[in-house]
$ cat protein.cif   # mmCIF, C-alpha atoms (C1' of nucleotides)
data_query
loop_
_atom_site.group_PDB
_atom_site.id
_atom_site.type_symbol
_atom_site.label_atom_id
_atom_site.label_comp_id
_atom_site.auth_asym_id
_atom_site.auth_seq_id
_atom_site.Cartn_x
_atom_site.Cartn_y
_atom_site.Cartn_z
ATOM 1 C CA MET A 220 5.161 31.864 1.290
ATOM 2 C CA THR A 221 6.947 28.760 2.110
ATOM 3 C CA LYS A 222 7.466 29.566 5.763
ATOM 4 C CA ARG A 223 4.647 27.779 7.494
ATOM 5 C CA GLY A 224 5.564 24.365 6.233
ATOM 6 C CA GLU A 225 9.179 24.650 7.215
ATOM 7 C CA LYS A 226 8.543 24.027 10.870
ATOM 8 C CA MET A 227 6.610 20.855 10.154
ATOM 9 C CA GLN A 228 9.245 19.687 7.706
ATOM 10 C CA ALA A 229 11.925 20.235 10.304
ATOM 11 C CA ASP A 230 9.929 18.248 12.850
ATOM 12 C CA VAL A 231 9.395 15.361 10.441
ATOM 13 C CA LEU A 232 13.045 15.352 9.427
ATOM 14 C CA GLY A 233 13.997 15.409 13.090
ATOM 15 C CA VAL A 234 11.959 12.307 13.779
ATOM 16 C CA LEU A 235 13.484 10.489 10.822
ATOM 17 C CA ARG A 236 16.986 11.519 11.832
ATOM 18 C CA ARG A 237 16.517 10.226 15.360
ATOM 19 C CA HIS A 238 15.752 6.770 14.008
ATOM 20 C CA PRO A 239 18.369 4.628 12.308
ATOM 21 C CA HIS A 240 15.708 2.544 10.580
ATOM 22 C CA PRO A 241 12.987 3.367 8.073
ATOM 23 C CA LEU A 242 9.705 4.676 9.449
ATOM 24 C CA SER A 243 6.307 4.617 7.816
ATOM 25 C CA ALA A 244 4.453 7.877 7.421
ATOM 26 C CA TYR A 245 2.150 6.739 10.185
ATOM 27 C CA ASP A 246 5.084 5.974 12.469
ATOM 28 C CA VAL A 247 6.162 9.579 12.051
ATOM 29 C CA LEU A 248 2.596 10.711 12.608
ATOM 30 C CA ARG A 249 2.295 8.788 15.879
ATOM 31 C CA GLU A 250 5.547 10.215 17.137
ATOM 32 C CA LEU A 251 4.648 13.791 16.306
ATOM 33 C CA ARG A 252 1.212 13.460 17.857
ATOM 34 C CA ALA A 253 2.909 13.366 21.231
ATOM 35 C CA ALA A 254 3.771 17.027 20.742
ATOM 36 C CA HIS A 255 0.969 18.050 18.369
ATOM 37 C CA PRO A 256 -2.081 15.890 19.043
ATOM 38 C CA LYS A 257 -4.108 17.325 16.204
ATOM 39 C CA ILE A 258 -1.998 16.671 13.144
ATOM 40 C CA ALA A 259 -3.389 14.449 10.407
ATOM 41 C CA PRO A 260 -1.920 12.203 7.689
ATOM 42 C CA PRO A 261 -1.881 14.768 4.871
ATOM 43 C CA THR A 262 0.263 17.088 6.955
ATOM 44 C CA ILE A 263 2.874 14.342 7.243
ATOM 45 C CA TYR A 264 2.629 13.340 3.610
ATOM 46 C CA ASN A 265 2.889 16.970 2.595
ATOM 47 C CA ALA A 266 6.073 17.456 4.600
ATOM 48 C CA LEU A 267 7.507 14.142 3.386
ATOM 49 C CA GLU A 268 6.841 15.128 -0.202
ATOM 50 C CA ALA A 269 8.664 18.436 0.175
ATOM 51 C CA LEU A 270 11.594 16.780 1.940
ATOM 52 C CA THR A 271 11.765 14.032 -0.640
ATOM 53 C CA LYS A 272 11.705 16.506 -3.486
ATOM 54 C CA ARG A 273 14.670 18.321 -1.948
ATOM 55 C CA GLY A 274 16.520 15.070 -1.376
ATOM 56 C CA HIS A 275 16.580 15.256 2.419
ATOM 57 C CA VAL A 276 14.416 12.184 2.743
ATOM 58 C CA HIS A 277 14.188 9.036 0.668
ATOM 59 C CA ARG A 278 11.085 6.970 0.254
ATOM 60 C CA ILE A 279 11.906 3.279 0.213
ATOM 61 C CA GLU A 280 9.367 2.006 -2.265
ATOM 62 C CA SER A 281 9.754 -1.663 -1.471
ATOM 63 C CA LEU A 282 9.117 -0.981 2.237
ATOM 64 C CA LYS A 283 6.574 1.825 1.906
ATOM 65 C CA ALA A 284 8.744 3.685 4.386
ATOM 66 C CA TYR A 285 10.919 6.748 4.700
ATOM 67 C CA ILE A 286 14.436 7.454 5.884
ATOM 68 C CA ALA A 287 16.557 10.582 6.287
ATOM 69 C CA CYS A 288 19.240 11.032 3.660
ATOM 70 C CA GLN A 289 22.558 9.909 5.083
ATOM 71 C CA CYS A 290 24.739 11.923 2.737
ATOM 72 C CA ASP A 291 26.094 15.444 2.940
ATOM 73 C CA SER A 292 24.919 16.393 -0.502
ATOM 74 C CA HIS A 293 21.378 15.612 -1.525
ATOM 75 C CA GLU A 294 21.674 16.062 -5.250
ATOM 76 C CA HIS A 295 22.455 12.554 -6.389
ATOM 77 C CA ALA A 296 20.353 9.495 -7.085
ATOM 78 C CA SER A 297 21.158 6.908 -4.473
ATOM 79 C CA ILE A 298 21.439 3.166 -4.171
ATOM 80 C CA LEU A 299 19.831 1.740 -1.083
ATOM 81 C CA SER A 300 20.800 -1.586 0.454
ATOM 82 C CA ILE A 301 18.227 -2.954 2.846
ATOM 83 C CA CYS A 302 18.939 -5.772 5.282
ATOM 84 C CA ASP A 303 15.858 -7.952 5.550
ATOM 85 C CA ASP A 304 17.168 -9.326 8.816
ATOM 86 C CA CYS A 305 17.917 -6.255 10.946
ATOM 87 C CA GLY A 306 16.271 -3.598 8.800
ATOM 88 C CA LYS A 307 19.412 -1.528 8.386
ATOM 89 C CA VAL A 308 19.487 0.680 5.320
ATOM 90 C CA GLU A 309 22.652 2.049 3.778
ATOM 91 C CA GLU A 310 22.951 4.627 1.087
ATOM 92 C CA ARG A 311 25.531 4.631 -1.649
ATOM 93 C CA VAL A 312 26.422 6.697 -4.665
ATOM 94 C CA ALA A 313 27.767 5.320 -7.933
ATOM 95 C CA PRO A 314 27.726 7.798 -10.805
ATOM 96 C CA ASP A 315 29.210 5.286 -13.238
ATOM 97 C CA LEU A 316 26.405 2.846 -12.554
ATOM 98 C CA LEU A 317 23.819 5.517 -13.166
ATOM 99 C CA ASP A 318 25.564 6.467 -16.393
ATOM 100 C CA ARG A 319 25.450 2.879 -17.512
ATOM 101 C CA LEU A 320 21.771 2.712 -16.630
ATOM 102 C CA SER A 321 21.037 5.889 -18.560
ATOM 103 C CA GLY A 322 23.014 4.505 -21.462
ATOM 104 C CA ILE A 323 20.986 1.317 -21.586
ATOM 105 C CA LEU A 324 17.682 3.133 -21.450
ATOM 106 C CA GLY A 325 18.817 5.900 -23.771
ATOM 107 C CA GLU A 326 19.231 3.380 -26.569
ATOM 108 C CA THR A 327 15.486 3.452 -27.043
ATOM 109 C CA GLY A 328 15.132 7.158 -26.474
ATOM 110 C CA PHE A 329 13.933 6.874 -22.909
ATOM 111 C CA ALA A 330 14.746 9.945 -20.803
ATOM 112 C CA PRO A 331 15.236 9.058 -17.123
ATOM 113 C CA GLN A 332 13.991 11.463 -14.493
ATOM 114 C CA ARG A 333 13.987 9.533 -11.267
ATOM 115 C CA HIS A 334 15.791 6.383 -10.237
ATOM 116 C CA VAL A 335 14.575 3.773 -7.794
ATOM 117 C CA ILE A 336 17.418 1.430 -6.951
ATOM 118 C CA GLU A 337 16.840 -0.738 -3.922
ATOM 119 C CA VAL A 338 18.613 -3.960 -3.135
ATOM 120 C CA ARG A 339 17.130 -6.283 -0.560
ATOM 121 C CA GLY A 340 19.422 -8.775 1.103
ATOM 122 C CA VAL A 341 21.427 -9.497 4.233
ATOM 123 C CA CYS A 342 24.052 -7.173 5.668
ATOM 124 C CA ALA A 343 27.509 -8.206 6.849
ATOM 125 C CA ALA A 344 26.524 -8.200 10.512
ATOM 126 C CA CYS A 345 23.530 -10.469 9.950
ATOM 127 C CA GLY A 346 25.065 -12.717 7.324
ATOM 128 C CA PRO A 347 26.776 -16.068 7.881
ATOM 129 C CA GLY A 348 29.829 -15.418 10.065
ATOM 130 C CA MET B 226 -1.714 -29.985 -3.756
ATOM 131 C CA THR B 227 -0.703 -27.190 -5.929
ATOM 132 C CA LYS B 228 -3.462 -27.694 -8.436
ATOM 133 C CA ARG B 229 -6.264 -25.512 -7.213
ATOM 134 C CA GLY B 230 -4.230 -22.367 -7.268
ATOM 135 C CA GLU B 231 -2.972 -22.913 -10.765
ATOM 136 C CA LYS B 232 -6.261 -22.038 -12.355
ATOM 137 C CA MET B 233 -6.444 -18.775 -10.480
ATOM 138 C CA GLN B 234 -2.833 -17.964 -11.293
ATOM 139 C CA ALA B 235 -3.487 -18.618 -14.957
ATOM 140 C CA ASP B 236 -6.516 -16.325 -14.857
ATOM 141 C CA VAL B 237 -4.578 -13.550 -13.145
ATOM 142 C CA LEU B 238 -1.679 -13.903 -15.544
ATOM 143 C CA GLY B 239 -4.125 -13.841 -18.431
ATOM 144 C CA VAL B 240 -5.568 -10.547 -17.277
ATOM 145 C CA LEU B 241 -2.122 -9.021 -16.903
ATOM 146 C CA ARG B 242 -1.047 -10.287 -20.308
ATOM 147 C CA ARG B 243 -4.082 -8.782 -21.988
ATOM 148 C CA HIS B 244 -3.091 -5.351 -20.733
ATOM 149 C CA PRO B 245 -0.009 -3.537 -21.979
ATOM 150 C CA HIS B 246 0.069 -1.324 -18.899
ATOM 151 C CA PRO B 247 0.520 -2.040 -15.197
ATOM 152 C CA LEU B 248 -2.587 -2.993 -13.251
ATOM 153 C CA SER B 249 -3.170 -2.731 -9.530
ATOM 154 C CA ALA B 250 -4.205 -5.850 -7.650
ATOM 155 C CA TYR B 251 -7.669 -4.356 -7.390
ATOM 156 C CA ASP B 252 -7.796 -3.721 -11.143
ATOM 157 C CA VAL B 253 -7.202 -7.438 -11.633
ATOM 158 C CA LEU B 254 -9.781 -8.234 -8.986
ATOM 159 C CA ARG B 255 -12.445 -6.123 -10.683
ATOM 160 C CA GLU B 256 -11.772 -7.752 -14.003
ATOM 161 C CA LEU B 257 -11.937 -11.282 -12.647
ATOM 162 C CA ARG B 258 -15.117 -10.582 -10.721
ATOM 163 C CA ALA B 259 -16.906 -10.454 -14.055
ATOM 164 C CA ALA B 260 -16.368 -14.191 -14.341
ATOM 165 C CA HIS B 261 -16.099 -15.102 -10.643
ATOM 166 C CA PRO B 262 -18.180 -12.652 -8.610
ATOM 167 C CA LYS B 263 -17.135 -14.039 -5.266
ATOM 168 C CA ILE B 264 -13.376 -13.733 -5.268
ATOM 169 C CA ALA B 265 -11.729 -11.542 -2.648
ATOM 170 C CA PRO B 266 -8.470 -9.579 -2.412
ATOM 171 C CA PRO B 267 -6.348 -12.282 -0.736
ATOM 172 C CA THR B 268 -7.070 -14.666 -3.594
ATOM 173 C CA ILE B 269 -5.578 -12.153 -6.002
ATOM 174 C CA TYR B 270 -2.649 -11.321 -3.771
ATOM 175 C CA ASN B 271 -2.013 -15.001 -3.261
ATOM 176 C CA ALA B 272 -1.878 -15.647 -7.007
ATOM 177 C CA LEU B 273 0.236 -12.541 -7.607
ATOM 178 C CA GLU B 274 2.702 -13.663 -4.970
ATOM 179 C CA ALA B 275 3.120 -17.084 -6.549
ATOM 180 C CA LEU B 276 3.486 -15.590 -10.028
ATOM 181 C CA THR B 277 5.957 -13.010 -8.795
ATOM 182 C CA LYS B 278 8.022 -15.629 -7.031
ATOM 183 C CA ARG B 279 8.272 -17.606 -10.256
ATOM 184 C CA GLY B 280 9.158 -14.486 -12.225
ATOM 185 C CA HIS B 281 6.085 -14.471 -14.445
ATOM 186 C CA VAL B 282 4.874 -11.214 -12.987
ATOM 187 C CA HIS B 283 6.742 -8.182 -11.728
ATOM 188 C CA ARG B 284 5.517 -5.889 -9.040
ATOM 189 C CA ILE B 285 6.345 -2.277 -9.819
ATOM 190 C CA GLU B 286 7.032 -0.905 -6.375
ATOM 191 C CA SER B 287 6.943 2.747 -7.299
ATOM 192 C CA LEU B 288 3.487 2.305 -8.872
ATOM 193 C CA LYS B 289 2.066 -0.281 -6.476
ATOM 194 C CA ALA B 290 1.097 -2.184 -9.597
ATOM 195 C CA TYR B 291 1.796 -5.412 -11.443
ATOM 196 C CA ILE B 292 2.762 -6.346 -14.978
ATOM 197 C CA ALA B 293 3.348 -9.614 -16.820
ATOM 198 C CA CYS B 294 6.966 -10.437 -17.489
ATOM 199 C CA GLN B 295 7.806 -9.519 -21.062
ATOM 200 C CA CYS B 296 10.786 -11.823 -21.419
ATOM 201 C CA ASP B 297 11.084 -15.426 -22.498
ATOM 202 C CA SER B 298 13.130 -16.443 -19.523
ATOM 203 C CA HIS B 299 12.021 -15.416 -16.074
ATOM 204 C CA GLU B 300 15.180 -16.091 -14.158
ATOM 205 C CA HIS B 301 16.881 -12.727 -14.272
ATOM 206 C CA ALA B 302 16.548 -9.538 -12.291
ATOM 207 C CA SER B 303 15.104 -6.902 -14.552
ATOM 208 C CA ILE B 304 15.356 -3.198 -15.116
ATOM 209 C CA LEU B 305 12.038 -1.478 -15.643
ATOM 210 C CA SER B 306 11.635 1.818 -17.441
ATOM 211 C CA ILE B 307 8.327 3.528 -16.760
ATOM 212 C CA CYS B 308 6.988 6.372 -18.854
ATOM 213 C CA ASP B 309 5.204 8.832 -16.580
ATOM 214 C CA ASP B 310 3.381 10.241 -19.580
ATOM 215 C CA CYS B 311 1.804 7.227 -21.283
ATOM 216 C CA GLY B 312 2.382 4.614 -18.591
ATOM 217 C CA LYS B 313 4.327 2.281 -20.837
ATOM 218 C CA VAL B 314 6.700 -0.066 -19.065
ATOM 219 C CA GLU B 315 9.629 -1.788 -20.702
ATOM 220 C CA GLU B 316 11.769 -4.501 -19.310
ATOM 221 C CA ARG B 317 15.467 -4.883 -19.856
ATOM 222 C CA VAL B 318 18.266 -7.157 -18.764
ATOM 223 C CA ALA B 319 21.817 -6.064 -18.053
ATOM 224 C CA PRO B 320 23.930 -8.648 -16.262
ATOM 225 C CA ASP B 321 26.985 -6.386 -16.220
ATOM 226 C CA LEU B 322 25.055 -3.696 -14.413
ATOM 227 C CA LEU B 323 23.857 -6.161 -11.799
ATOM 228 C CA ASP B 324 27.398 -7.403 -11.356
ATOM 229 C CA ARG B 325 28.573 -3.864 -10.806
ATOM 230 C CA LEU B 326 25.791 -3.346 -8.296
ATOM 231 C CA SER B 327 26.676 -6.519 -6.430
ATOM 232 C CA GLY B 328 30.302 -5.429 -6.472
ATOM 233 C CA ILE B 329 29.538 -2.088 -4.901
ATOM 234 C CA LEU B 330 27.397 -3.592 -2.169
ATOM 235 C CA GLY B 331 29.702 -6.550 -1.650
ATOM 236 C CA GLU B 332 32.454 -4.190 -0.506
ATOM 237 C CA THR B 333 30.708 -3.947 2.835
ATOM 238 C CA GLY B 334 29.724 -7.592 2.970
ATOM 239 C CA PHE B 335 26.142 -7.055 1.932
ATOM 240 C CA ALA B 336 24.626 -10.099 0.194
ATOM 241 C CA PRO B 337 21.944 -9.078 -2.353
ATOM 242 C CA GLN B 338 18.866 -11.267 -2.718
ATOM 243 C CA ARG B 339 16.393 -9.203 -4.655
ATOM 244 C CA HIS B 340 16.846 -6.164 -6.876
ATOM 245 C CA VAL B 341 14.386 -3.357 -7.395
ATOM 246 C CA ILE B 342 15.511 -1.240 -10.307
ATOM 247 C CA GLU B 343 12.887 1.105 -11.673
ATOM 248 C CA VAL B 344 13.533 4.203 -13.712
ATOM 249 C CA ARG B 345 10.797 6.760 -14.068
ATOM 250 C CA GLY B 346 10.951 9.132 -17.004
ATOM 251 C CA VAL B 347 9.589 9.816 -20.457
ATOM 252 C CA CYS B 348 9.677 7.357 -23.323
ATOM 253 C CA ALA B 349 10.752 8.150 -26.881
ATOM 254 C CA ALA B 350 7.195 8.400 -28.166
ATOM 255 C CA CYS B 351 6.157 10.881 -25.480
ATOM 256 C CA GLY B 352 9.379 12.869 -25.321
ATOM 257 C CA PRO B 353 10.186 16.089 -27.183
ATOM 258 C CA GLY B 354 10.074 15.191 -30.884
ATOM 259 C "C1'" DC C 37 -5.257 47.977 6.534
ATOM 260 C "C1'" DC C 38 -8.147 45.417 3.107
ATOM 261 C "C1'" DA C 39 -8.600 42.393 -0.841
ATOM 262 C "C1'" DC C 40 -6.181 38.796 -3.122
ATOM 263 C "C1'" DT C 41 -3.247 34.944 -3.765
ATOM 264 C "C1'" DT C 42 -1.013 30.937 -2.235
ATOM 265 C "C1'" DA C 43 -0.444 26.894 0.008
ATOM 266 C "C1'" DC C 44 -1.014 24.348 4.349
ATOM 267 C "C1'" DT C 45 -4.345 21.790 7.222
ATOM 268 C "C1'" DT C 46 -8.532 19.269 8.176
ATOM 269 C "C1'" DT C 47 -12.140 16.190 7.172
ATOM 270 C "C1'" DA C 48 -13.437 12.395 4.981
ATOM 271 C "C1'" DT C 49 -12.719 8.579 2.221
ATOM 272 C "C1'" DA C 50 -10.302 5.742 -1.140
ATOM 273 C "C1'" DA C 51 -6.801 2.389 -2.349
ATOM 274 C "C1'" DC C 52 -3.703 -1.195 -1.032
ATOM 275 C "C1'" DA C 53 -2.637 -5.185 1.750
ATOM 276 C "C1'" DT C 54 -2.813 -9.028 5.122
ATOM 277 C "C1'" DA C 55 -3.999 -11.888 9.672
ATOM 278 C "C1'" DA C 56 -6.548 -15.495 11.184
ATOM 279 C "C1'" DA C 57 -9.965 -18.878 10.762
ATOM 280 C "C1'" DG C 58 -12.397 -22.041 7.879
ATOM 281 C "C1'" DC C 59 -12.862 -25.080 4.149
ATOM 282 C "C1'" DT C 60 -11.400 -28.116 0.303
ATOM 283 C "C1'" DT C 61 -8.458 -31.099 -1.868
ATOM 284 C "C1'" DA C 62 -4.609 -34.079 -1.791
ATOM 285 C "C1'" DT C 63 -1.756 -37.407 0.675
ATOM 286 C "C1'" DT C 64 -0.582 -40.703 4.147
ATOM 287 C "C1'" DT C 65 -1.619 -44.431 7.194
ATOM 288 C "C1'" DG C 66 -3.991 -48.343 9.083
ATOM 289 C "C1'" DC D 14 -10.267 -48.480 0.596
ATOM 290 C "C1'" DA D 15 -11.577 -45.527 4.500
ATOM 291 C "C1'" DA D 16 -10.211 -42.509 7.904
ATOM 292 C "C1'" DA D 17 -6.847 -39.470 9.605
ATOM 293 C "C1'" DT D 18 -3.651 -36.059 8.416
ATOM 294 C "C1'" DA D 19 -1.498 -32.452 5.969
ATOM 295 C "C1'" DA D 20 -1.347 -28.639 2.774
ATOM 296 C "C1'" DG D 21 -2.774 -24.614 1.034
ATOM 297 C "C1'" DC D 22 -6.532 -21.830 -1.046
ATOM 298 C "C1'" DT D 23 -10.557 -18.864 0.207
ATOM 299 C "C1'" DT D 24 -13.353 -16.048 3.138
ATOM 300 C "C1'" DT D 25 -14.181 -12.772 6.627
ATOM 301 C "C1'" DA D 26 -12.678 -9.063 8.793
ATOM 302 C "C1'" DT D 27 -9.634 -5.522 9.560
ATOM 303 C "C1'" DG D 28 -5.332 -2.910 9.311
ATOM 304 C "C1'" DT D 29 -2.235 0.186 6.802
ATOM 305 C "C1'" DT D 30 -1.048 3.532 3.421
ATOM 306 C "C1'" DA D 31 -2.423 7.470 0.725
ATOM 307 C "C1'" DT D 32 -5.054 11.329 -1.266
ATOM 308 C "C1'" DA D 33 -9.259 14.381 -2.939
ATOM 309 C "C1'" DA D 34 -11.646 18.230 -1.818
ATOM 310 C "C1'" DA D 35 -12.950 21.783 1.132
ATOM 311 C "C1'" DG D 36 -11.655 24.972 4.591
ATOM 312 C "C1'" DT D 37 -8.470 28.201 6.701
ATOM 313 C "C1'" DA D 38 -4.616 30.958 7.671
ATOM 314 C "C1'" DA D 39 -0.329 33.136 6.145
ATOM 315 C "C1'" DG D 40 1.949 36.063 3.100
ATOM 316 C "C1'" DT D 41 1.529 39.960 -0.791
ATOM 317 C "C1'" DG D 42 0.209 43.979 -3.348
ATOM 318 C "C1'" DG D 43 -2.639 47.886 -3.571
#
$ encode --input "protein.cif" --output "structure tokens"
Amino acid sequence: MTKRGEKMQADVLGVLRRHPHPLSAYDVLRELRAAHPKIAPPTIYNALEALTKRGHVHRIESLKAYIACQCDSHEHASILSICDDCGKVEERVAPDLLDRLSGILGETGFAPQRHVIEVRGVCAACGPG
Amino acid sequence: MTKRGEKMQADVLGVLRRHPHPLSAYDVLRELRAAHPKIAPPTIYNALEALTKRGHVHRIESLKAYIACQCDSHEHASILSICDDCGKVEERVAPDLLDRLSGILGETGFAPQRHVIEVRGVCAACGPG
DNA sequence: CCACTTACTTTATAACATAAAGCTTATTTG
DNA sequence: CAAATAAGCTTTATGTTATAAAGTAAGTGG
């Protein structure tokens, strides 16, 4: 049943992979309209949702934008650093940090399901020499 | 100079403080229109921005919503746990975790300026008994 | 091959956010 | 103290992001 959507998901992922920087859903839409003039926002959001759920795409909440996962495995929660100067986003993994986070929240019985960890700042290239 | 806005900021903060759960900017707007029928979105966003900058209000990126700071001091970056069942948000502080985060990102020369740490999940009250 | 189920797409609209211009209040200057 | 100037809040208008609901086509079982 899940065959029709796969083509669209592949197209959306392709667009995201071709860009080093985050794209909004409407950026992706505009790009795909070149090939498929008739597609509409929900088609993009639908594909983005499926890709996000599978870990192939990350939504950057603080930018309202999306980026292809840069890792080989897509199972882990990730830490995103975002340069407010050049827009570069880097992805990192730190299981011990997530454990610590779960530990802190677990004290009150909170059961984590999804982590949003985004750090805005200035990357090495843009920072003071 | 900065006297006119203070009234509006106090009103906005008052609304947020009266509610235990996150409110969207438009939720706040609707509530304040009862008293001031003429106010418009930018007035709210303007007040929210000032309050956020001073740490009295936090924007929850993953909910596109705002909540009054629950702490006494407003200087620290905070960790927000969000129950997807009842909507309850709790705020926590963990300097060691932030240090670890800065350490990880500092390895590549990234200089953090603002942290977004939100954990979605299920709180103790809503979780499996 | 036809009826049924599933889920993707389309249409339409809702929710969130901000640019630019205008106005009001505070401050500076003569 | 009055007029000029500066600062920033508010209004108007619009742009961007996201989704509800209905429609349609693809896959599935009889």
$ closest_atom_pairs --input "protein.cif" --of "segment 225-335 of chain A" --to "segment 17-36 of chain D" --cutoff "12 Å" --atoms "all atoms listed in the file" --output "CSV"
residue,atom,partner,partner_atom,distance
A:Ser243,CA,D:DT30,C1',8.6
A:Ala244,CA,D:DT30,C1',8.1
A:Tyr245,CA,D:DT30,C1',8.1
A:Asp246,CA,D:DT29,C1',10.9
A:Ala259,CA,D:DA31,C1',12.0
A:Pro260,CA,D:DA31,C1',8.4
A:Pro261,CA,D:DT32,C1',7.7
A:Thr262,CA,D:DT32,C1',11.4
A:Ile263,CA,D:DA31,C1',10.9
A:Tyr264,CA,D:DA31,C1',8.3
A:Asn265,CA,D:DT32,C1',10.5
A:Glu280,CA,D:DT30,C1',12.0
A:Leu282,CA,D:DT30,C1',11.2
A:Lys283,CA,D:DT30,C1',8.0
A:Ala284,CA,D:DT30,C1',9.8
$ resolve_selection --input "protein.cif" --expression "the PyMOL selection byres ((chain A and resi 318-335) around 8)" --output "count of residues only"
23
$ axis_aligned_box --input "protein.cif" --around "segment 221-236 of chain A" --padding-each-side "3 Å" --output "JSON"
{"center_x": 10.8, "center_y": 20.0, "center_z": 7.9, "size_x": 18.3, "size_y": 25.1, "size_z": 17.7}
$ closest_residue --input "protein.cif" --among "C:DA39, C:DC44, C:DC52, C:DC59" --to "chain B" --atoms "only C-alpha atoms (C1' of nucleotides)"
C:DC52
$ interface_residues --input "protein.cif" --of "chain C" --to "chain B" --cutoff "10 Å" --atoms "only C-alpha atoms (C1' of nucleotides)" --output "list in words"
DA51, DC52, DA53, DT54, DT60, DT61, DA62 and DT63 of chain C
$ resolve_selection --input "protein.cif" --expression "the PyMOL selection byres ((chain C and resi 42) around 9)" --output "compact mmCIF listing (two decimals) with C-alpha atoms (C1' of nucleotides), in the coordinates of the input"
# COMPACT_ATOMS: atom_id res chain seq x y z
CA MET A 220 5.16 31.86 1.29
C1' DT C 41 -3.25 34.94 -3.76
C1' DA C 43 -0.44 26.89 0.01
C1' DA D 39 -0.33 33.14 6.14
C1' DG D 40 1.95 36.06 3.10
$ atom_distance --input "protein.cif" --atom1 "atom CA of His246 of chain B" --atom2 "atom CA of Met233 of chain B"
20.4 Å
$ atom_distance --input "protein.cif" --atom1 "atom CA of Asp304 of chain A" --atom2 "atom CA of Tyr291 of chain B"
25.7 Å
$ atom_distance --input "protein.cif" --atom1 "atom CA of Leu270 of chain A" --atom2 "atom CA of Gly224 of chain A"
10.6 Å
$ residues_around --input "protein.cif" --residues "Ile292 of chain B" --least-positions-apart "5" --cutoff "10 Å" --atoms "all atoms listed in the file" --output "PyMOL selection string"
chain B and resi 238+240-242+244-249+273+277+281-285+314
$ write_last_selection --input "protein.cif" --atoms "C-alpha atoms" --output "PDB file, in the coordinates of the input"
ATOM      1  CA  LEU B 238      -1.679 -13.903 -15.544  1.00  0.00           C
ATOM      2  CA  VAL B 240      -5.568 -10.547 -17.277  1.00  0.00           C
ATOM      3  CA  LEU B 241      -2.122  -9.021 -16.903  1.00  0.00           C
ATOM      4  CA  ARG B 242      -1.047 -10.287 -20.308  1.00  0.00           C
ATOM      5  CA  HIS B 244      -3.091  -5.351 -20.733  1.00  0.00           C
ATOM      6  CA  PRO B 245      -0.009  -3.537 -21.979  1.00  0.00           C
ATOM      7  CA  HIS B 246       0.069  -1.324 -18.899  1.00  0.00           C
ATOM      8  CA  PRO B 247       0.520  -2.040 -15.197  1.00  0.00           C
ATOM      9  CA  LEU B 248      -2.587  -2.993 -13.251  1.00  0.00           C
ATOM     10  CA  SER B 249      -3.170  -2.731  -9.530  1.00  0.00           C
ATOM     11  CA  LEU B 273       0.236 -12.541  -7.607  1.00  0.00           C
ATOM     12  CA  THR B 277       5.957 -13.010  -8.795  1.00  0.00           C
ATOM     13  CA  HIS B 281       6.085 -14.471 -14.445  1.00  0.00           C
ATOM     14  CA  VAL B 282       4.874 -11.214 -12.987  1.00  0.00           C
ATOM     15  CA  HIS B 283       6.742  -8.182 -11.728  1.00  0.00           C
ATOM     16  CA  ARG B 284       5.517  -5.889  -9.040  1.00  0.00           C
ATOM     17  CA  ILE B 285       6.345  -2.277  -9.819  1.00  0.00           C
ATOM     18  CA  VAL B 314       6.700  -0.066 -19.065  1.00  0.00           C
TER      19      VAL B 314
END
$ build_atoms --input "protein.cif" --residues "segment 261-270 of chain A" --atoms "N, CA and C atoms" --output "tab-separated table (two decimals), in the frame of the given file"
chain	number	residue	atom	x	y	z
A	261	PRO	N	-2.35	13.93	5.99
A	261	PRO	CA	-1.88	14.77	4.87
A	261	PRO	C	-0.78	15.75	5.26
A	262	THR	N	-0.79	16.19	6.49
A	262	THR	CA	0.26	17.09	6.96
A	262	THR	C	1.61	16.38	6.87
A	263	ILE	N	1.64	15.13	7.30
A	263	ILE	CA	2.87	14.34	7.24
A	263	ILE	C	3.28	14.08	5.79
A	264	TYR	N	2.32	13.65	5.01
A	264	TYR	CA	2.63	13.34	3.61
A	264	TYR	C	3.09	14.59	2.88
A	265	ASN	N	2.49	15.71	3.20
A	265	ASN	CA	2.89	16.97	2.60
A	265	ASN	C	4.34	17.29	2.92
A	266	ALA	N	4.69	17.17	4.19
A	266	ALA	CA	6.07	17.46	4.60
A	266	ALA	C	7.03	16.44	3.97
A	267	LEU	N	6.65	15.18	3.97
A	267	LEU	CA	7.51	14.14	3.39
A	267	LEU	C	7.74	14.40	1.90
A	268	GLU	N	6.70	14.85	1.22
A	268	GLU	CA	6.84	15.13	-0.20
A	268	GLU	C	7.85	16.25	-0.46
A	269	ALA	N	7.73	17.32	0.34
A	269	ALA	CA	8.66	18.44	0.18
A	269	ALA	C	10.09	17.99	0.48
A	270	LEU	N	10.26	17.24	1.55
A	270	LEU	CA	11.59	16.78	1.94
A	270	LEU	C	12.17	15.82	0.91
